[in-house]
Structures are given as C-alpha cells and as structure tokens.
file data.txt (compact mmCIF, N, CA and C atoms)
# COMPACT_ATOMS: atom_id res chain seq x y z
N MET A 1 -34.06 14.34 -10.98
CA MET A 1 -33.35 15.05 -12.02
C MET A 1 -31.85 14.78 -11.89
N ALA A 2 -31.21 14.43 -12.96
CA ALA A 2 -29.80 14.08 -12.95
C ALA A 2 -28.94 15.34 -12.80
N ALA A 3 -27.87 15.20 -12.06
CA ALA A 3 -26.95 16.32 -11.87
C ALA A 3 -26.17 16.52 -13.17
N PRO A 4 -25.84 17.78 -13.49
CA PRO A 4 -25.08 18.02 -14.71
C PRO A 4 -23.67 17.41 -14.58
N VAL A 5 -23.21 16.81 -15.64
CA VAL A 5 -21.92 16.15 -15.64
C VAL A 5 -20.83 17.19 -15.89
N ASP A 6 -19.91 17.26 -14.95
CA ASP A 6 -18.77 18.16 -15.12
C ASP A 6 -17.74 17.41 -15.97
N LEU A 7 -17.60 17.79 -17.22
CA LEU A 7 -16.73 17.07 -18.15
C LEU A 7 -15.28 17.06 -17.70
N GLU A 8 -14.84 18.14 -17.08
CA GLU A 8 -13.46 18.21 -16.62
C GLU A 8 -13.19 17.16 -15.53
N LEU A 9 -14.14 17.03 -14.60
CA LEU A 9 -13.97 16.03 -13.55
C LEU A 9 -14.08 14.62 -14.11
N LYS A 10 -14.99 14.44 -15.04
CA LYS A 10 -15.14 13.12 -15.68
C LYS A 10 -13.85 12.74 -16.40
N LYS A 11 -13.24 13.71 -17.09
CA LYS A 11 -11.98 13.46 -17.79
C LYS A 11 -10.87 13.14 -16.79
N ALA A 12 -10.83 13.88 -15.68
CA ALA A 12 -9.82 13.63 -14.65
C ALA A 12 -9.99 12.23 -14.07
N PHE A 13 -11.23 11.83 -13.85
CA PHE A 13 -11.50 10.50 -13.34
C PHE A 13 -11.05 9.42 -14.33
N THR A 14 -11.33 9.64 -15.60
CA THR A 14 -10.95 8.67 -16.63
C THR A 14 -9.43 8.53 -16.68
N GLU A 15 -8.72 9.65 -16.58
CA GLU A 15 -7.26 9.60 -16.57
C GLU A 15 -6.75 8.86 -15.34
N LEU A 16 -7.38 9.13 -14.20
CA LEU A 16 -6.99 8.44 -12.97
C LEU A 16 -7.22 6.95 -13.10
N GLN A 17 -8.35 6.58 -13.66
CA GLN A 17 -8.67 5.17 -13.84
C GLN A 17 -7.63 4.49 -14.74
N ALA A 18 -7.22 5.17 -15.80
CA ALA A 18 -6.20 4.62 -16.70
C ALA A 18 -4.87 4.46 -15.96
N LYS A 19 -4.52 5.45 -15.14
CA LYS A 19 -3.26 5.35 -14.39
C LYS A 19 -3.33 4.22 -13.36
N VAL A 20 -4.48 4.03 -12.74
CA VAL A 20 -4.62 2.95 -11.76
C VAL A 20 -4.44 1.60 -12.45
N ILE A 21 -5.04 1.43 -13.60
CA ILE A 21 -4.90 0.18 -14.34
C ILE A 21 -3.45 -0.04 -14.76
N ASP A 22 -2.80 1.01 -15.24
CA ASP A 22 -1.39 0.92 -15.62
C ASP A 22 -0.53 0.55 -14.41
N THR A 23 -0.80 1.19 -13.28
CA THR A 23 -0.04 0.90 -12.07
C THR A 23 -0.27 -0.53 -11.62
N GLN A 24 -1.50 -0.99 -11.71
CA GLN A 24 -1.82 -2.36 -11.33
C GLN A 24 -1.03 -3.35 -12.20
N GLN A 25 -0.94 -3.09 -13.48
CA GLN A 25 -0.19 -3.97 -14.37
C GLN A 25 1.30 -3.96 -14.03
N LYS A 26 1.84 -2.77 -13.72
CA LYS A 26 3.26 -2.68 -13.35
C LYS A 26 3.55 -3.43 -12.06
N VAL A 27 2.65 -3.31 -11.09
CA VAL A 27 2.83 -4.00 -9.81
C VAL A 27 2.77 -5.51 -10.02
N LYS A 28 1.81 -5.98 -10.82
CA LYS A 28 1.71 -7.42 -11.09
C LYS A 28 2.96 -7.94 -11.79
N LEU A 29 3.46 -7.17 -12.77
CA LEU A 29 4.66 -7.57 -13.49
C LEU A 29 5.85 -7.66 -12.54
N ALA A 30 6.00 -6.66 -11.67
CA ALA A 30 7.10 -6.67 -10.71
C ALA A 30 6.97 -7.86 -9.76
N ASP A 31 5.76 -8.16 -9.32
CA ASP A 31 5.53 -9.33 -8.45
C ASP A 31 5.93 -10.62 -9.14
N ILE A 32 5.55 -10.76 -10.39
CA ILE A 32 5.90 -11.97 -11.16
C ILE A 32 7.41 -12.09 -11.30
N GLN A 33 8.07 -10.98 -11.60
CA GLN A 33 9.52 -11.01 -11.74
C GLN A 33 10.20 -11.36 -10.42
N ILE A 34 9.70 -10.82 -9.31
CA ILE A 34 10.28 -11.13 -8.00
C ILE A 34 10.09 -12.61 -7.68
N GLU A 35 8.91 -13.15 -7.95
CA GLU A 35 8.67 -14.58 -7.71
C GLU A 35 9.63 -15.44 -8.53
N GLN A 36 9.83 -15.09 -9.80
CA GLN A 36 10.73 -15.85 -10.66
C GLN A 36 12.17 -15.77 -10.14
N LEU A 37 12.59 -14.60 -9.72
CA LEU A 37 13.94 -14.44 -9.18
C LEU A 37 14.11 -15.22 -7.88
N ASN A 38 13.08 -15.25 -7.06
CA ASN A 38 13.16 -16.04 -5.82
C ASN A 38 13.29 -17.53 -6.13
N ARG A 39 12.57 -17.99 -7.16
CA ARG A 39 12.70 -19.40 -7.57
C ARG A 39 14.10 -19.69 -8.09
N THR A 40 14.64 -18.77 -8.89
CA THR A 40 15.99 -18.95 -9.42
C THR A 40 17.02 -19.01 -8.28
N LYS A 41 16.86 -18.10 -7.33
CA LYS A 41 17.78 -18.05 -6.19
C LYS A 41 17.70 -19.34 -5.37
N LYS A 42 16.47 -19.79 -5.12
CA LYS A 42 16.27 -21.01 -4.34
C LYS A 42 16.85 -22.23 -5.07
N HIS A 43 16.62 -22.29 -6.38
CA HIS A 43 17.14 -23.41 -7.18
C HIS A 43 18.67 -23.43 -7.12
N ALA A 44 19.29 -22.26 -7.28
CA ALA A 44 20.76 -22.19 -7.22
C ALA A 44 21.27 -22.59 -5.84
N HIS A 45 20.56 -22.17 -4.79
CA HIS A 45 20.97 -22.52 -3.43
C HIS A 45 20.88 -24.03 -3.19
N LEU A 46 19.76 -24.63 -3.61
CA LEU A 46 19.58 -26.08 -3.42
C LEU A 46 20.61 -26.87 -4.22
N THR A 47 20.87 -26.44 -5.45
CA THR A 47 21.87 -27.11 -6.27
C THR A 47 23.24 -27.00 -5.63
N ASP A 48 23.58 -25.82 -5.13
CA ASP A 48 24.87 -25.61 -4.48
C ASP A 48 24.99 -26.46 -3.22
N THR A 49 23.91 -26.57 -2.46
CA THR A 49 23.92 -27.40 -1.25
C THR A 49 24.23 -28.86 -1.59
N GLU A 50 23.61 -29.35 -2.65
CA GLU A 50 23.86 -30.74 -3.06
C GLU A 50 25.28 -30.92 -3.60
N ILE A 51 25.76 -29.95 -4.34
CA ILE A 51 27.11 -30.04 -4.91
C ILE A 51 28.17 -30.05 -3.80
N MET A 52 27.92 -29.29 -2.74
CA MET A 52 28.91 -29.21 -1.66
C MET A 52 29.07 -30.52 -0.90
N THR A 53 28.12 -31.44 -1.05
CA THR A 53 28.24 -32.74 -0.38
C THR A 53 29.19 -33.67 -1.13
N LEU A 54 29.52 -33.32 -2.37
CA LEU A 54 30.40 -34.17 -3.18
C LEU A 54 31.87 -33.94 -2.80
N VAL A 55 32.70 -34.88 -3.21
CA VAL A 55 34.15 -34.78 -2.97
C VAL A 55 34.71 -33.60 -3.76
N ASP A 56 35.72 -32.92 -3.21
CA ASP A 56 36.27 -31.71 -3.84
C ASP A 56 36.86 -31.96 -5.23
N GLU A 57 37.36 -33.14 -5.49
CA GLU A 57 37.99 -33.41 -6.79
C GLU A 57 36.97 -33.79 -7.87
N THR A 58 35.72 -33.75 -7.56
CA THR A 58 34.67 -34.15 -8.49
C THR A 58 34.57 -33.14 -9.63
N ASN A 59 34.61 -33.65 -10.85
CA ASN A 59 34.37 -32.80 -12.02
C ASN A 59 32.90 -32.91 -12.42
N MET A 60 32.36 -31.82 -12.92
CA MET A 60 30.95 -31.78 -13.28
C MET A 60 30.80 -31.15 -14.66
N TYR A 61 29.63 -31.33 -15.21
CA TYR A 61 29.34 -30.74 -16.50
C TYR A 61 28.41 -29.54 -16.31
N GLU A 62 28.77 -28.45 -16.94
CA GLU A 62 27.95 -27.24 -16.92
C GLU A 62 27.22 -27.15 -18.25
N GLY A 63 25.91 -26.95 -18.18
CA GLY A 63 25.13 -26.80 -19.40
C GLY A 63 25.29 -25.41 -19.97
N VAL A 64 25.74 -25.34 -21.22
CA VAL A 64 25.89 -24.06 -21.91
C VAL A 64 25.18 -24.20 -23.26
N GLY A 65 24.01 -23.59 -23.35
CA GLY A 65 23.25 -23.72 -24.59
C GLY A 65 22.85 -25.16 -24.82
N ARG A 66 23.32 -25.71 -25.94
CA ARG A 66 22.98 -27.09 -26.27
C ARG A 66 24.16 -28.04 -26.06
N MET A 67 25.16 -27.58 -25.30
CA MET A 67 26.32 -28.45 -25.04
C MET A 67 26.66 -28.42 -23.56
N PHE A 68 27.58 -29.27 -23.17
CA PHE A 68 28.03 -29.36 -21.78
C PHE A 68 29.53 -29.19 -21.75
N ILE A 69 29.99 -28.45 -20.73
CA ILE A 69 31.43 -28.20 -20.58
C ILE A 69 31.86 -28.80 -19.24
N LEU A 70 32.97 -29.52 -19.27
CA LEU A 70 33.52 -30.13 -18.06
C LEU A 70 34.14 -29.04 -17.20
N GLN A 71 33.67 -28.92 -15.95
CA GLN A 71 34.16 -27.91 -15.01
C GLN A 71 34.47 -28.56 -13.67
N SER A 72 35.29 -27.89 -12.89
CA SER A 72 35.58 -28.38 -11.55
C SER A 72 34.44 -27.98 -10.61
N LYS A 73 34.40 -28.62 -9.46
CA LYS A 73 33.37 -28.34 -8.46
C LYS A 73 33.45 -26.88 -8.01
N GLU A 74 34.65 -26.37 -7.84
CA GLU A 74 34.84 -24.99 -7.36
C GLU A 74 34.27 -23.97 -8.35
N VAL A 75 34.46 -24.19 -9.64
CA VAL A 75 33.94 -23.27 -10.66
C VAL A 75 32.41 -23.26 -10.63
N ILE A 76 31.81 -24.43 -10.55
CA ILE A 76 30.35 -24.54 -10.50
C ILE A 76 29.82 -23.88 -9.23
N HIS A 77 30.50 -24.12 -8.11
CA HIS A 77 30.10 -23.51 -6.84
C HIS A 77 30.12 -21.98 -6.93
N ASN A 78 31.18 -21.43 -7.49
CA ASN A 78 31.29 -19.97 -7.64
C ASN A 78 30.20 -19.41 -8.57
N GLN A 79 29.90 -20.13 -9.63
CA GLN A 79 28.85 -19.68 -10.55
C GLN A 79 27.49 -19.67 -9.86
N LEU A 80 27.20 -20.67 -9.05
CA LEU A 80 25.92 -20.73 -8.34
C LEU A 80 25.82 -19.61 -7.29
N LEU A 81 26.92 -19.32 -6.62
CA LEU A 81 26.91 -18.22 -5.65
C LEU A 81 26.69 -16.88 -6.37
N GLU A 82 27.30 -16.72 -7.53
CA GLU A 82 27.12 -15.50 -8.30
C GLU A 82 25.67 -15.37 -8.79
N LYS A 83 25.11 -16.48 -9.19
CA LYS A 83 23.72 -16.48 -9.65
C LYS A 83 22.78 -16.05 -8.52
N GLN A 84 23.04 -16.56 -7.30
CA GLN A 84 22.23 -16.17 -6.15
C GLN A 84 22.39 -14.68 -5.84
N LYS A 85 23.61 -14.19 -5.93
CA LYS A 85 23.89 -12.79 -5.64
C LYS A 85 23.20 -11.87 -6.65
N ILE A 86 23.25 -12.21 -7.92
CA ILE A 86 22.62 -11.41 -8.96
C ILE A 86 21.10 -11.39 -8.76
N ALA A 87 20.52 -12.55 -8.45
CA ALA A 87 19.07 -12.63 -8.23
C ALA A 87 18.66 -11.75 -7.04
N GLU A 88 19.44 -11.78 -5.98
CA GLU A 88 19.15 -10.96 -4.79
C GLU A 88 19.22 -9.47 -5.12
N GLU A 89 20.20 -9.07 -5.91
CA GLU A 89 20.33 -7.66 -6.29
C GLU A 89 19.14 -7.21 -7.15
N LYS A 90 18.72 -8.06 -8.08
CA LYS A 90 17.58 -7.72 -8.93
C LYS A 90 16.29 -7.63 -8.11
N ILE A 91 16.14 -8.50 -7.12
CA ILE A 91 14.96 -8.44 -6.25
C ILE A 91 14.94 -7.12 -5.49
N LYS A 92 16.08 -6.71 -4.97
CA LYS A 92 16.15 -5.43 -4.25
C LYS A 92 15.83 -4.26 -5.17
N GLU A 93 16.30 -4.31 -6.40
CA GLU A 93 15.99 -3.24 -7.37
C GLU A 93 14.50 -3.17 -7.64
N LEU A 94 13.86 -4.33 -7.85
CA LEU A 94 12.43 -4.35 -8.12
C LEU A 94 11.61 -3.88 -6.92
N GLU A 95 12.03 -4.27 -5.73
CA GLU A 95 11.32 -3.82 -4.53
C GLU A 95 11.49 -2.32 -4.32
N ALA A 96 12.60 -1.76 -4.77
CA ALA A 96 12.82 -0.32 -4.65
C ALA A 96 11.94 0.46 -5.62
N ILE A 97 11.48 -0.18 -6.68
CA ILE A 97 10.64 0.48 -7.69
C ILE A 97 9.20 0.68 -7.17
N PHE A 98 8.71 -0.21 -6.29
CA PHE A 98 7.33 -0.16 -5.82
C PHE A 98 6.89 1.22 -5.32
N PRO A 99 7.63 1.87 -4.43
CA PRO A 99 7.15 3.19 -3.97
C PRO A 99 7.04 4.21 -5.12
N GLY A 100 7.94 4.16 -6.07
CA GLY A 100 7.88 5.07 -7.20
C GLY A 100 6.66 4.83 -8.07
N ILE A 101 6.29 3.58 -8.24
CA ILE A 101 5.12 3.24 -9.04
C ILE A 101 3.86 3.78 -8.35
N LEU A 102 3.76 3.54 -7.05
CA LEU A 102 2.56 3.95 -6.32
C LEU A 102 2.48 5.47 -6.17
N ASP A 103 3.62 6.14 -6.08
CA ASP A 103 3.63 7.60 -5.93
C ASP A 103 3.30 8.31 -7.24
N SER A 104 3.30 7.60 -8.35
CA SER A 104 3.04 8.24 -9.64
C SER A 104 1.58 8.61 -9.83
N LEU A 105 0.70 8.09 -8.98
CA LEU A 105 -0.72 8.41 -9.12
C LEU A 105 -1.04 9.76 -8.50
N PRO A 106 -1.81 10.59 -9.18
CA PRO A 106 -2.14 11.93 -8.67
C PRO A 106 -3.35 11.90 -7.74
N TRP A 107 -3.22 11.24 -6.59
CA TRP A 107 -4.36 11.10 -5.68
C TRP A 107 -4.88 12.46 -5.21
N THR A 108 -4.00 13.41 -4.96
CA THR A 108 -4.44 14.68 -4.38
C THR A 108 -5.29 15.50 -5.34
N THR A 109 -5.11 15.32 -6.63
CA THR A 109 -5.87 16.13 -7.58
C THR A 109 -7.25 15.56 -7.87
N CYS A 110 -7.43 14.26 -7.70
CA CYS A 110 -8.70 13.66 -8.12
C CYS A 110 -9.52 13.08 -6.98
N LEU A 111 -8.93 12.85 -5.83
CA LEU A 111 -9.67 12.20 -4.76
C LEU A 111 -9.94 13.15 -3.59
N CYS A 112 -10.08 14.42 -3.85
CA CYS A 112 -10.39 15.38 -2.80
C CYS A 112 -11.83 15.16 -2.35
N PRO A 113 -12.11 15.28 -1.05
CA PRO A 113 -13.46 15.01 -0.56
C PRO A 113 -14.51 15.97 -1.09
N HIS A 114 -14.13 17.19 -1.45
CA HIS A 114 -15.12 18.16 -1.92
C HIS A 114 -15.44 18.01 -3.40
N GLN A 115 -14.73 17.14 -4.11
CA GLN A 115 -15.00 16.94 -5.53
C GLN A 115 -15.85 15.68 -5.69
N THR A 116 -16.88 15.78 -6.47
CA THR A 116 -17.69 14.60 -6.78
C THR A 116 -17.70 14.40 -8.28
N ILE A 117 -17.63 13.16 -8.67
CA ILE A 117 -17.62 12.82 -10.09
C ILE A 117 -18.83 11.94 -10.35
N PRO A 118 -19.78 12.40 -11.15
CA PRO A 118 -20.95 11.56 -11.43
C PRO A 118 -20.55 10.34 -12.25
N LEU A 119 -20.86 9.17 -11.73
CA LEU A 119 -20.51 7.91 -12.39
C LEU A 119 -21.72 7.01 -12.39
N ASN A 120 -21.72 6.12 -13.34
CA ASN A 120 -22.76 5.10 -13.26
C ASN A 120 -22.28 4.00 -12.31
N ALA A 121 -23.17 3.16 -11.86
CA ALA A 121 -22.83 2.17 -10.83
C ALA A 121 -21.76 1.21 -11.29
N LEU A 122 -21.73 0.84 -12.56
CA LEU A 122 -20.75 -0.11 -13.07
C LEU A 122 -19.34 0.48 -12.98
N GLU A 123 -19.18 1.75 -13.32
CA GLU A 123 -17.86 2.39 -13.23
C GLU A 123 -17.37 2.41 -11.79
N VAL A 124 -18.26 2.69 -10.84
CA VAL A 124 -17.87 2.71 -9.43
C VAL A 124 -17.44 1.33 -8.98
N VAL A 125 -18.18 0.30 -9.37
CA VAL A 125 -17.83 -1.07 -8.98
C VAL A 125 -16.47 -1.44 -9.56
N ASP A 126 -16.24 -1.16 -10.84
CA ASP A 126 -14.96 -1.49 -11.47
C ASP A 126 -13.81 -0.77 -10.77
N LEU A 127 -13.97 0.51 -10.53
CA LEU A 127 -12.90 1.27 -9.90
C LEU A 127 -12.68 0.82 -8.47
N ASN A 128 -13.76 0.51 -7.75
CA ASN A 128 -13.61 0.05 -6.38
C ASN A 128 -12.86 -1.28 -6.31
N LEU A 129 -13.11 -2.18 -7.24
CA LEU A 129 -12.39 -3.44 -7.26
C LEU A 129 -10.90 -3.21 -7.46
N ILE A 130 -10.56 -2.32 -8.37
CA ILE A 130 -9.15 -2.02 -8.65
C ILE A 130 -8.50 -1.33 -7.46
N LEU A 131 -9.13 -0.27 -6.98
CA LEU A 131 -8.53 0.49 -5.89
C LEU A 131 -8.43 -0.32 -4.61
N HIS A 132 -9.45 -1.10 -4.32
CA HIS A 132 -9.40 -1.88 -3.09
C HIS A 132 -8.34 -2.96 -3.17
N SER A 133 -8.22 -3.62 -4.31
CA SER A 133 -7.21 -4.67 -4.44
C SER A 133 -5.80 -4.10 -4.35
N LEU A 134 -5.59 -2.88 -4.82
CA LEU A 134 -4.26 -2.29 -4.78
C LEU A 134 -3.98 -1.55 -3.48
N TYR A 135 -4.92 -0.75 -3.04
CA TYR A 135 -4.61 0.20 -1.97
C TYR A 135 -5.57 0.15 -0.79
N GLY A 136 -6.61 -0.67 -0.84
CA GLY A 136 -7.56 -0.71 0.24
C GLY A 136 -8.49 0.51 0.28
N LEU A 137 -8.64 1.20 -0.85
CA LEU A 137 -9.48 2.40 -0.93
C LEU A 137 -10.82 2.07 -1.58
N TYR A 138 -11.83 2.90 -1.29
CA TYR A 138 -13.13 2.76 -1.90
C TYR A 138 -13.64 4.13 -2.35
N PHE A 139 -14.32 4.17 -3.48
CA PHE A 139 -15.11 5.33 -3.87
C PHE A 139 -16.52 5.10 -3.35
N SER A 140 -17.19 6.14 -2.96
CA SER A 140 -18.56 5.96 -2.53
C SER A 140 -19.49 6.62 -3.55
N VAL A 141 -20.68 6.09 -3.68
CA VAL A 141 -21.67 6.65 -4.59
C VAL A 141 -22.49 7.64 -3.79
N LEU A 142 -22.51 8.89 -4.23
CA LEU A 142 -23.28 9.92 -3.53
C LEU A 142 -24.70 9.91 -4.05
N PRO A 143 -25.69 10.09 -3.15
CA PRO A 143 -27.09 10.07 -3.61
C PRO A 143 -27.43 11.31 -4.42

call {"tool": "encode", "arguments": {"input": "data.txt", "output": "structure tokens"}}
result
Amino acid sequence: MAAPVDLELKKAFTELQAKVIDTQQKVKLADIQIEQLNRTKKHAHLTDTEIMTLVDETNMYEGVGRMFILQSKEVIHNQLLEKQKIAEEKIKELEAIFPGILDSLPWTTCLCPHQTIPLNALEVVDLNLILHSLYGLYFSVLP
C-alpha cells in the first residue's frame, strides 16, 4: 500500500529542486566566466612578455575596433598590465560570489533526517545526480 503523499513536503522538495538547478546554472556560469578571464589574463601576460623583448623605441599598433592606432611600447605595456589587473579583480569578485550562491539553498528546511518525501525513482535519480555533482550529497529512497 502506498504511503499518503504529503503535498506540503512534495511542494518543498519541488522548490528545493528548482533552487538546486538554478544554483547549478549560476555556478556553471561563474566557472565559465572565470575560465574566460583566466584566458584573457594569460593572453595579456604572454603578449606583454613578448613586447618587453623589443627595443624601447619600438612603436606598435593598437587595435581599436576596426582600425589601428600607432602607440609607443610603454603605452601598450601599461594597457596590458591594466588588462591583467582588471581580469584578476573580476576573478576575485566571482570567486567571492560562490559562498553566497551555495548558502542561498534552504538545506535545513528540506533535508532534515526526520522528514521523508515520497518520490518516484526517476526523481530521486535526477536529484541525486544534481546534488552529488554540486555538493557530494545523496538522497536515499526509503522502503
């Protein structure tokens, strides 16, 4: 005989599942942004390293939109250093967001050991994949 479904708990679980999916998307987006900023920083560093091997009086062209502007080596060097600094600051900002994203989930209200939420096996598998990939947690199916 099937246990009666507590609609309030089922609703709480559904809300939790939606928040987990939202959090997962935010974490993935932040990871992608951090990877892109790391590539930008590395590219600027490598370019700056190559530029520094040139003679100090060397003039270079800076790409601006669809045109090029003649600049001195020192101006280009300063721009590349600024680009690296900005990328590093943005990476730190994004990394500071992670704890806030993860703390937004109401784990204490929905994952108490004395509360059980009747689910079908597919819902448990889906939620376990999400929770384990994000937090290393598992829901168990009660007999």

call {"tool": "closest_residue", "arguments": {"input": "data.txt", "among": "A:Ile34, A:Gln84, A:Asp48, A:Asn59", "to": "Gln71 (chain A)", "atoms": "only N, CA and C atoms"}}
result
A:Asn59

call {"tool": "atom_distance", "arguments": {"input": "data.txt", "atom1": "CA of Phe98 (chain A)", "atom2": "CA of Val20 (chain A)"}}
result
13.7 Å

call {"tool": "residues_near_point", "arguments": {"input": "data.txt", "point": "(33.1, -32.3, -10.5)", "cutoff": "8 Å", "atoms": "all atoms listed in the file", "output": "list in words"}}
result
Leu54, Val55, Asp56, Glu57, Thr58, Asn59, Met60, Tyr61, Leu70, Gln71, Ser72, Lys73, Glu74 and Ile76 of chain A

call {"tool": "atom_distance", "arguments": {"input": "data.txt", "atom1": "atom C of Ile86 (chain A)", "atom2": "CA of Leu37 (chain A)"}}
result
7.8 Å

call {"tool": "select_by_dssp", "arguments": {"input": "data.txt", "residues": "region 17-70 of chain A", "states": "alpha helix (DSSP H)", "output": "PyMOL selection string"}}
result
chain A and resi 17-52

call {"tool": "residues_around", "arguments": {"input": "data.txt", "residues": "Ala44 (chain A)", "least_positions_apart": "2", "cutoff": "8 Å", "atoms": "all atoms listed in the file", "output": "short mmCIF file (atom, residue, chain, number, x, y, z; two decimals) with N, CA and C atoms, keeping the file's coordinate frame"}}
result
data_model
loop_
_atom_site.label_atom_id
_atom_site.label_comp_id
_atom_site.auth_asym_id
_atom_site.auth_seq_id
_atom_site.Cartn_x
_atom_site.Cartn_y
_atom_site.Cartn_z
N ASN A 38 13.08 -15.25 -7.06
CA ASN A 38 13.16 -16.04 -5.82
C ASN A 38 13.29 -17.53 -6.13
N ARG A 39 12.57 -17.99 -7.16
CA ARG A 39 12.70 -19.40 -7.57
C ARG A 39 14.10 -19.69 -8.09
N THR A 40 14.64 -18.77 -8.89
CA THR A 40 15.99 -18.95 -9.42
C THR A 40 17.02 -19.01 -8.28
N LYS A 41 16.86 -18.10 -7.33
CA LYS A 41 17.78 -18.05 -6.19
C LYS A 41 17.70 -19.34 -5.37
N LYS A 42 16.47 -19.79 -5.12
CA LYS A 42 16.27 -21.01 -4.34
C LYS A 42 16.85 -22.23 -5.07
N LEU A 46 19.76 -24.63 -3.61
CA LEU A 46 19.58 -26.08 -3.42
C LEU A 46 20.61 -26.87 -4.22
N THR A 47 20.87 -26.44 -5.45
CA THR A 47 21.87 -27.11 -6.27
C THR A 47 23.24 -27.00 -5.63
N ASP A 48 23.58 -25.82 -5.13
CA ASP A 48 24.87 -25.61 -4.48
C ASP A 48 24.99 -26.46 -3.22
N THR A 49 23.91 -26.57 -2.46
CA THR A 49 23.92 -27.40 -1.25
C THR A 49 24.23 -28.86 -1.59
N GLU A 50 23.61 -29.35 -2.65
CA GLU A 50 23.86 -30.74 -3.06
C GLU A 50 25.28 -30.92 -3.60
N GLN A 79 29.90 -20.13 -9.63
CA GLN A 79 28.85 -19.68 -10.55
C GLN A 79 27.49 -19.67 -9.86
N LEU A 80 27.20 -20.67 -9.05
CA LEU A 80 25.92 -20.73 -8.34
C LEU A 80 25.82 -19.61 -7.29
N LEU A 81 26.92 -19.32 -6.62
CA LEU A 81 26.91 -18.22 -5.65
C LEU A 81 26.69 -16.88 -6.37
N LYS A 83 25.11 -16.48 -9.19
CA LYS A 83 23.72 -16.48 -9.65
C LYS A 83 22.78 -16.05 -8.52
N GLN A 84 23.04 -16.56 -7.30
CA GLN A 84 22.23 -16.17 -6.15
C GLN A 84 22.39 -14.68 -5.84
#

call {"tool": "closest_residue", "arguments": {"input": "data.txt", "among": "A:Gln33, A:Thr53, A:Asn78, A:Gln17", "to": "Leu94 (chain A)", "atoms": "all atoms listed in the file"}}
result
A:Gln33

call {"tool": "atom_distance", "arguments": {"input": "data.txt", "atom1": "atom N of Ile32 (chain A)", "atom2": "CA of Glu15 (chain A)"}}
result
24.8 Å
